[in-house]
Amino acid sequence: MEPKLRVENLSVWYQRQPALKHVTLSVEEGEVLALIGPSGCGKSTFLRTLNRLSEEQVGVRVTGSILLGDLDIHQPQVDVTQIRRRIGMVFQAPNPFPFSIFDNVAYGPRLQGAADPAALRKIVEQSLRQAALWDEVRGKLRRPALALSGGQQQRLCIARALAVNPEVLLMDEPTASLDPLSTAKIEELVGALRGQYTIVMVTHNLRQAARVSDRTAFFLDGTLVEVGPTRQIFTAPQDSRTEQYLTGRFES
Amino acid sequence: MGRGRRLYGLSAVLAALGLAGFALVLGSLLKSGLPILTWHFLTSSGPGGIGPEILNTAVLCAIALVVTVPLGLMVAVYQGEYLRRRSRRVRELDHLRATLMSAPTIVVALVIYRVAVGWWHWPVSLMTGALALAVINWPFMVAVSRSALASVPDSYREASLALGASRFETVIKVVIPAALGNLIEGIGMSLARLAGESAALIVTAGVNVSQHWSLWGPGETLAVHIWYIRTEGLVSGRDAEAAATGLTLMIGISVVLWLASRAARLFGRSQGGYDGA
């Protein structure tokens, strides 16, 4: 089967500082790919390059290609807003807008011109159900999103990302700021979304990578050291550096 | 601990002194102004009335704000949201703005007088005064808007961009709604500042009121009126009249600031200006 995302020879620089060097990696349709590695290894940069969010920063240079289907998303003539509708993102800290719960989820569909209240309500309900938040917020959709707990806010952000019906979901350490119970809920949710969406998830938590991902990629100093089925990476890594990292011999 | 206590004591004494000074001013204003502060005083024109002055103050501030709020917001959006690299030109413009903001308002007004009255042959009028106030206020408005926009966390912008919004959509639908509370508070503050402006308006809007009110007629404001009757006034009871005018101005400004802070709190927990199901 054709991979969903094919990254070829991707390099990224901040000013003159290389952040990613010649990364080649494929993401299969419907799988959960975990990106692990010590801080500053380039895994977050990699994630933010996949939806071209990295280019919002000053002085970022990208070479190589990222194919979504057969579209090279880093070609200048490609409409970046289209790319971001097909590739959604969830951030490290929950960042709902200071609007109501409803308006948060409806933000993306409204950008695309959805105005019919009945249709919007349907999209909002469906997205909140998918994000396993519906039961907790039904009947309270007019309440401010910032009144929700941290874990609920993060699931709201997932619902907001799902509302535009993306094909790929990027998650940048989505549980880094959450308590264990909320983390477990998010992991459960990722498991439920597997198959429907292609998920690429950066995590600092190795156990989390082992729990939720189908495949794992290990980054070090801006290079992709190794990628493979999660079980194999964790039990029989091929590269000695992977093993060293997994056994805690790098600072993470 | 000891030092902290001493500093606390010092600041408490200073605060008490400040409050006492304010109370003194307010007390003397109330004492001499309150007896003549009647409905007739507030609405009639001519000696013993400040109706036209109230109207002129409101009109001048309104025009100046209508001009400078969009302008200031646009400059702030352009600088804060679009220009991500601070080029030399922007820094020079910023410098110019800071200079203009700290220039004495009378200087700005004399330049306006030279240009509007001298070159364009505008009369000394409400319009000329409004132009002066707009020029005085816009650098302040840019600063207020800049800081309001800067108070919106970047994570909101990122979330919006990641959902496929353009930079413009992000500014209109997320950043400005999220900054609305602070913006309103800032507008209220600049309104209070404009309402108290006197020197610039003496030159540009004049010190008398016309029988036939017009935007192109002279337009004395409350603050100018106080100055005028205190220095040039020949009416009897001018101290009382000045005090009553000052009280009116202070009450007006307090109401504006109170309303602005109420509105700011209302919009601080913003619904984002959306209707929705």
# chains A, B, ... in the order shown; residues from 1 in each chain; ligands from 1
$ residues_around --residues "Leu180 (chain B)" --least-positions-apart "5" --cutoff "12 Å" --atoms "only C-alpha atoms" --output "PyMOL selection string"
(chain A and resi 98) or (chain B and resi 73+144-145+147-152+171-175+185-187+260-261+263-273)
$ residues_around --residues "Leu65 (chain B)" --least-positions-apart "3" --cutoff "8 Å" --atoms "only C-alpha atoms" --output "PyMOL selection string"
chain B and resi 61-62+68-69+134+191
$ write_last_selection --atoms "C-alpha atoms" --output "PDB file, in the first residue's frame"
ATOM      1  CA  CYS B  61     -13.083  62.980  21.686  1.00  0.00           C
ATOM      2  CA  ALA B  62     -15.460  60.966  19.525  1.00  0.00           C
ATOM      3  CA  THR B  68      -7.309  56.858  15.694  1.00  0.00           C
ATOM      4  CA  VAL B  69      -8.726  53.555  16.943  1.00  0.00           C
ATOM      5  CA  ALA B 134      -6.112  62.623  16.508  1.00  0.00           C
ATOM      6  CA  LEU B 191     -10.407  58.857  26.017  1.00  0.00           C
TER       7      LEU B 191
END
$ closest_residue --among "B:Ser32, B:Thr170, B:Ser254, B:Ser44" --to "chain A" --atoms "only C-alpha atoms"
B:Thr170
$ residues_around --residues "Ile54 (chain B)" --least-positions-apart "5" --cutoff "8 Å" --atoms "only C-alpha atoms" --output "list in words"
Leu42, Thr221 and Leu222 of chain B
$ residues_around --residues "Leu68 (chain A)" --least-positions-apart "5" --cutoff "8 Å" --atoms "only C-alpha atoms" --output "list in words"
Lys4, Leu5, Arg6 and Ile73 of chain A
$ residues_around --residues "Phe91 (chain A)" --least-positions-apart "4" --cutoff "12 Å" --atoms "only C-alpha atoms" --output "NGL selection string"
(:A and (44 or 47-48 or 53 or 95-96 or 153-158 or 160-161 or 169-177 or 201-203)) or (:B and (154-160 or 162-163))
$ residues_around --residues "region 248-250 of chain B" --least-positions-apart "5" --cutoff "10 Å" --atoms "only C-alpha atoms" --output "ChimeraX atom specification"
/B:26,33-34,37,42,50,54,57,192,195-196,221-223,226,242-243,255-256
$ write_last_selection --atoms "N, CA and C atoms" --output "PDB file, in the first residue's frame"
ATOM      1  N   LEU B  26     -10.297  67.130  45.576  1.00  0.00           N
ATOM      2  CA  LEU B  26     -11.698  66.787  45.387  1.00  0.00           C
ATOM      3  C   LEU B  26     -12.568  67.569  46.372  1.00  0.00           C
ATOM      4  N   GLY B  33     -17.640  73.991  44.062  1.00  0.00           N
ATOM      5  CA  GLY B  33     -18.337  73.719  42.809  1.00  0.00           C
ATOM      6  C   GLY B  33     -19.725  73.160  42.976  1.00  0.00           C
ATOM      7  N   LEU B  34     -19.905  72.299  43.980  1.00  0.00           N
ATOM      8  CA  LEU B  34     -21.155  71.574  44.092  1.00  0.00           C
ATOM      9  C   LEU B  34     -22.390  72.477  44.190  1.00  0.00           C
ATOM     10  N   LEU B  37     -23.577  73.332  40.811  1.00  0.00           N
ATOM     11  CA  LEU B  37     -23.660  72.255  39.823  1.00  0.00           C
ATOM     12  C   LEU B  37     -25.119  71.811  39.712  1.00  0.00           C
ATOM     13  N   LEU B  42     -25.474  72.569  33.701  1.00  0.00           N
ATOM     14  CA  LEU B  42     -24.951  71.564  32.771  1.00  0.00           C
ATOM     15  C   LEU B  42     -25.505  71.721  31.362  1.00  0.00           C
ATOM     16  N   ILE B  50     -22.537  75.287  30.958  1.00  0.00           N
ATOM     17  CA  ILE B  50     -21.453  74.635  30.213  1.00  0.00           C
ATOM     18  C   ILE B  50     -21.996  73.610  29.226  1.00  0.00           C
ATOM     19  N   ILE B  54     -19.720  70.736  27.158  1.00  0.00           N
ATOM     20  CA  ILE B  54     -19.865  69.277  27.300  1.00  0.00           C
ATOM     21  C   ILE B  54     -20.000  68.638  25.922  1.00  0.00           C
ATOM     22  N   THR B  57     -16.653  68.717  24.043  1.00  0.00           N
ATOM     23  CA  THR B  57     -15.703  67.727  24.547  1.00  0.00           C
ATOM     24  C   THR B  57     -16.041  66.353  23.997  1.00  0.00           C
ATOM     25  N   ALA B 192      -9.941  59.246  28.357  1.00  0.00           N
ATOM     26  CA  ALA B 192      -9.787  60.074  29.552  1.00  0.00           C
ATOM     27  C   ALA B 192      -8.679  61.098  29.349  1.00  0.00           C
ATOM     28  N   ALA B 195      -9.925  63.842  26.994  1.00  0.00           N
ATOM     29  CA  ALA B 195     -10.929  64.733  27.585  1.00  0.00           C
ATOM     30  C   ALA B 195     -10.266  65.802  28.439  1.00  0.00           C
ATOM     31  N   GLY B 196      -9.098  65.494  28.977  1.00  0.00           N
ATOM     32  CA  GLY B 196      -8.418  66.454  29.836  1.00  0.00           C
ATOM     33  C   GLY B 196      -7.466  67.366  29.088  1.00  0.00           C
ATOM     34  N   THR B 221     -13.738  73.351  24.908  1.00  0.00           N
ATOM     35  CA  THR B 221     -14.081  72.144  25.675  1.00  0.00           C
ATOM     36  C   THR B 221     -14.073  72.456  27.165  1.00  0.00           C
ATOM     37  N   LEU B 222     -14.451  71.453  27.967  1.00  0.00           N
ATOM     38  CA  LEU B 222     -14.516  71.638  29.419  1.00  0.00           C
ATOM     39  C   LEU B 222     -13.168  72.045  29.987  1.00  0.00           C
ATOM     40  N   ALA B 223     -12.121  71.318  29.595  1.00  0.00           N
ATOM     41  CA  ALA B 223     -10.803  71.591  30.162  1.00  0.00           C
ATOM     42  C   ALA B 223     -10.334  72.990  29.777  1.00  0.00           C
ATOM     43  N   ILE B 226     -12.178  75.646  31.803  1.00  0.00           N
ATOM     44  CA  ILE B 226     -11.606  75.850  33.139  1.00  0.00           C
ATOM     45  C   ILE B 226     -10.433  76.812  33.058  1.00  0.00           C
ATOM     46  N   ALA B 242     -15.491  77.441  37.668  1.00  0.00           N
ATOM     47  CA  ALA B 242     -14.374  76.578  37.276  1.00  0.00           C
ATOM     48  C   ALA B 242     -14.403  75.266  38.054  1.00  0.00           C
ATOM     49  N   ALA B 243     -14.695  75.367  39.351  1.00  0.00           N
ATOM     50  CA  ALA B 243     -14.732  74.160  40.168  1.00  0.00           C
ATOM     51  C   ALA B 243     -15.843  73.230  39.705  1.00  0.00           C
ATOM     52  N   VAL B 255     -16.775  58.090  34.934  1.00  0.00           N
ATOM     53  CA  VAL B 255     -17.812  57.229  34.351  1.00  0.00           C
ATOM     54  C   VAL B 255     -17.249  56.474  33.146  1.00  0.00           C
ATOM     55  N   VAL B 256     -16.495  57.202  32.303  1.00  0.00           N
ATOM     56  CA  VAL B 256     -15.910  56.562  31.124  1.00  0.00           C
ATOM     57  C   VAL B 256     -14.975  55.420  31.533  1.00  0.00           C
TER      58      VAL B 256
END
$ select_by_dssp --residues "region 30-211 of chain A" --states "strand (DSSP E)" --output "PyMOL selection string"
chain A and resi 32-36+60-68+71-72+87-90+168-172+198-202
$ interface_residues --of "chain A" --to "chain B" --cutoff "9 Å" --atoms "only C-alpha atoms" --output "PyMOL selection string"
chain A and resi 51-53+56-58+80-91+93-100+102-103+106-108+111-112+117-118+120-121+141-144+146+157+160-161+164
$ residues_around --residues "Gln211 (chain B)" --least-positions-apart "5" --cutoff "12 Å" --atoms "only C-alpha atoms" --output "list in words"
Ser44, Ser45, Gly46, Gly51, Pro52, Gly217, Pro218 and Gly219 of chain B
$ atom_distance --atom1 "CA of Thr242 (chain A)" --atom2 "CA of His74 (chain A)"
29.8 Å
$ atom_distance --atom1 "CA of Ala192 (chain A)" --atom2 "CA of Leu162 (chain A)"
13.1 Å
$ atom_distance --atom1 "CA of Leu247 (chain B)" --atom2 "CA of Phe41 (chain B)"
12.1 Å
